[in-house]
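First comes the structure, then the notes that go with it.
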Amino acid sequence: MLPDAVGAALWDRIAELVRRTGAQMERRLSDPRPGLHLAVFVAVGSTLLWLALPVSWDVGDVGIGDSGMRWVVSLLLGAAAVAVARARDRLTSLAVLAGVGFVIAVWYVIHGAPQLAAVQLVVDGLTVALALFVLRHLPRSYPPVSRRRRFGAGVLAVVGGGAFAGLSLVSRAAGLPAASEAYIAHARSSSTGNIVTGVLSDFRALDTLGETTVIAVAALGVVTAVGRVGLQHVDTVIAGISARLVTPLVLVLSAWLLLRGHFTLGGGFLAATVVGLAVVLRHLTVGSVTIERALARGAPTFVGAGLVAMVGYGAFGGLWGDGFLDAKTVHVTVPLLGRLPVPSTLLFEGAVAMAVLAVVAAVIHELGSDR
Amino acid sequence: MSAALATGLLAAAGIYLLLQRGLVRIVVGFLLLQHAVNLVLVTARTPQRSHPPILPFEGPPQDPLGQVFVLTAIVIGLASTIFLLTVALRHTQLGTSSADDDVEEPDRQGSS
């Protein structure tokens, strides 16, 4: 046992040390500059990636050669990315960012992912339109950055970019993983044609339900954070006519994408975001008219209804299939068209489309209004 | 190999922008980084194949699993981008000019 005096002194010393360390930690952690925290995150993340790379390094028997077309598109993509990073004003960087999204869609096509290309194109358009709505309220050029900071960011960028490039080179194999083979085998024995949408609305339907919830929560955040006042629109003759002409075409295209998503390119999310692009066009030209306004006002209701429909559909899976969210295909004979396969996932995709469309309409309405 | 080049440059540009001043630049950097992750996922298993996983196959198909992940990622990415943009907008509306969100130390450079 220690004498009391020593114990008390020790206690005071330790308490003082804890207090001082805590104050220092607090000063660092509560720094308001996001760059500082992100730098720590990027540095640690890239270091871990670099350390992990040699362990799994196996370029293997596949080789690393590529066709000329892939090189052209990849170089274009890289150049566009660097151009975005170097842009000094917001409008330029946004325009080049839209270009990056477009080139990525092409990249997906030549890498055998047309479904991703279609979704990427539509989401790219929507992202840029929404970003432009926000950018109207901000100054034209970015705040200047000191040379020292640019240098530091550049060093971290090279380290992190290298880690990503290494990650892209490792873990190659000649065949598909067992899970993919199982998905393909299941698709062959059912009506599914498009394996990607098939997996999302059947095997990983619960995931899709969660993902729709995430996008719904994001939209509710936007609706809550941004108050809406007046509206302003560009009502030139050509813009107005094109918006009125384009809308019905887009609705037909969207219905087509929704119905064929199970068999080939398409899907509920794609259908809804395509309509979202038409809503952007209408919002900018003829102003937000009745249907969109109603959709945007009742957005929480529509989003909720979509989610409830998804859960309800999932519950029915227990009746006609093996459990929650299980899918089944029925065959319906329609005059003129003959015997048609109707997958139950169509209901699920329809609910996704309703929720996402309400989300997109609400967000456009909120971000696109003038304050 | 070409995929690694594109992925690396996208990630580098994204990280560079994440570390700059201004919330919009951070949002743009976040988007580029997200693209880089998506490219990694698409080419994670069989980078050489180029046939889409849509039946009937014309050749050995690209791995559908990675594409499924990327499709989810794109949707969630749209949601988070929408939210980040709203935060940037509110930040400006609440009176703090966008140049103030990440001020550099005064001994290096005056603020704009």
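To be explicit about the labels: the chains of the structure tokens are called A, B, and onward in the order shown, and within each one the residues are counted from 1, while ligands get numbers from 1 in the order they are shown.
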
#### Entry: Test item: residues at most 8 Å from Thr212 of chain A, only C-alpha atoms, excluding those fewer than 3 positions along its chain, as a list of chain:residue names
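So, after excluding close chain neighbours, the residues are A:Thr208, A:Leu209, A:Ile215, A:Ala216, A:Leu307, A:Val352, A:Ala355, A:Val356.
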
Per residue of chain A within 6 Å of chain B, note the shortest atom pair and the distance in Å to one decimal, counting only C-alpha atoms, and order the rows by chain and increasing residue number, as a tab-separated table.
residue	atom	partner	partner_atom	distance
A:Arg33	CA	B:Asp102	CA	4.6
A:Gly35	CA	B:Leu19	CA	4.7
A:Ile64	CA	B:Met1	CA	5.3
A:Trp71	CA	B:Ser2	CA	5.3
A:Ser74	CA	B:Ala6	CA	5.0
A:Gly78	CA	B:Ala6	CA	5.0
A:Ala81	CA	B:Leu10	CA	5.4
A:Val82	CA	B:Ala13	CA	5.6
A:Ala85	CA	B:Ala13	CA	5.3
A:His111	CA	B:Ser50	CA	4.7
A:Gly112	CA	B:Pro52	CA	4.1
A:Ala113	CA	B:Pro52	CA	5.4
A:Val134	CA	B:Leu89	CA	6.0
A:Pro143	CA	B:Ala99	CA	5.4
A:Ala153	CA	B:Tyr16	CA	5.2
A:Gly154	CA	B:Tyr16	CA	5.9
A:Ala157	CA	B:Ala12	CA	4.3
A:Val158	CA	B:Ala12	CA	5.7
A:Gly161	CA	B:Ala12	CA	4.1
A:Gly162	CA	B:Gly8	CA	5.7
A:Phe164	CA	B:Gly8	CA	5.2
A:Ala165	CA	B:Gly8	CA	4.3
A:Ser168	CA	B:Ala4	CA	5.1
A:Arg172	CA	B:Arg45	CA	5.2
A:Ala173	CA	B:Arg45	CA	5.9
A:Ser180	CA	B:Leu65	CA	5.7
A:Gly193	CA	B:Leu55	CA	4.8
A:Asn194	CA	B:Ile54	CA	4.5
A:Ile195	CA	B:Ile54	CA	5.9
A:Val196	CA	B:Val68	CA	5.4
A:Ile215	CA	B:Ala79	CA	4.8
A:Ala218	CA	B:Ala79	CA	5.6

#### Entry: Nearest to Ala118 of chain A by atom-to-atom distance, counting only C-alpha atoms, from A:Gly175, A:Ile104, A:Gly304, A:Gly68
A:Ile104

### Summary
Atom pair atom CA of Thr192 of chain A + atom CA of Pro343 of chain A, distance 8.5 Å

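Interatomic distance, atom CA of Val109 of chain A to atom CA of Pro177 of chain A: 21.5 Å.
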
Exercise: Val308 of chain A partners within 12 Å, only C-alpha atoms, chain neighbours under 2 positions left out, as a short mmCIF file (atom, residue, chain, number, x, y, z; two decimals) with C-alpha atoms, in the first residue's frame:
data_model
loop_
_atom_site.label_atom_id
_atom_site.label_comp_id
_atom_site.auth_asym_id
_atom_site.auth_seq_id
_atom_site.Cartn_x
_atom_site.Cartn_y
_atom_site.Cartn_z
CA LEU A 209 -36.18 -2.19 -50.13
CA THR A 212 -35.38 2.79 -51.59
CA THR A 213 -35.73 3.69 -47.91
CA PRO A 300 -44.05 11.98 -48.24
CA THR A 301 -47.38 10.20 -48.83
CA PHE A 302 -46.34 8.78 -52.20
CA VAL A 303 -42.92 7.70 -50.90
CA GLY A 304 -44.57 6.08 -47.90
CA ALA A 305 -47.16 4.37 -50.09
CA GLY A 306 -44.37 3.01 -52.33
CA MET A 310 -42.94 -3.00 -51.27
CA VAL A 311 -43.32 -4.42 -47.78
CA GLY A 312 -46.85 -5.62 -48.60
CA TYR A 313 -45.59 -7.34 -51.73
CA GLY A 314 -42.87 -8.92 -49.59
CA ALA A 315 -45.45 -10.29 -47.19
CA PHE A 348 -42.05 -4.65 -56.64
CA ALA A 351 -43.53 0.27 -56.10
CA VAL A 352 -39.85 1.22 -56.40
CA MET A 354 -43.52 5.18 -57.46
CA ALA A 355 -41.35 5.91 -54.43
#
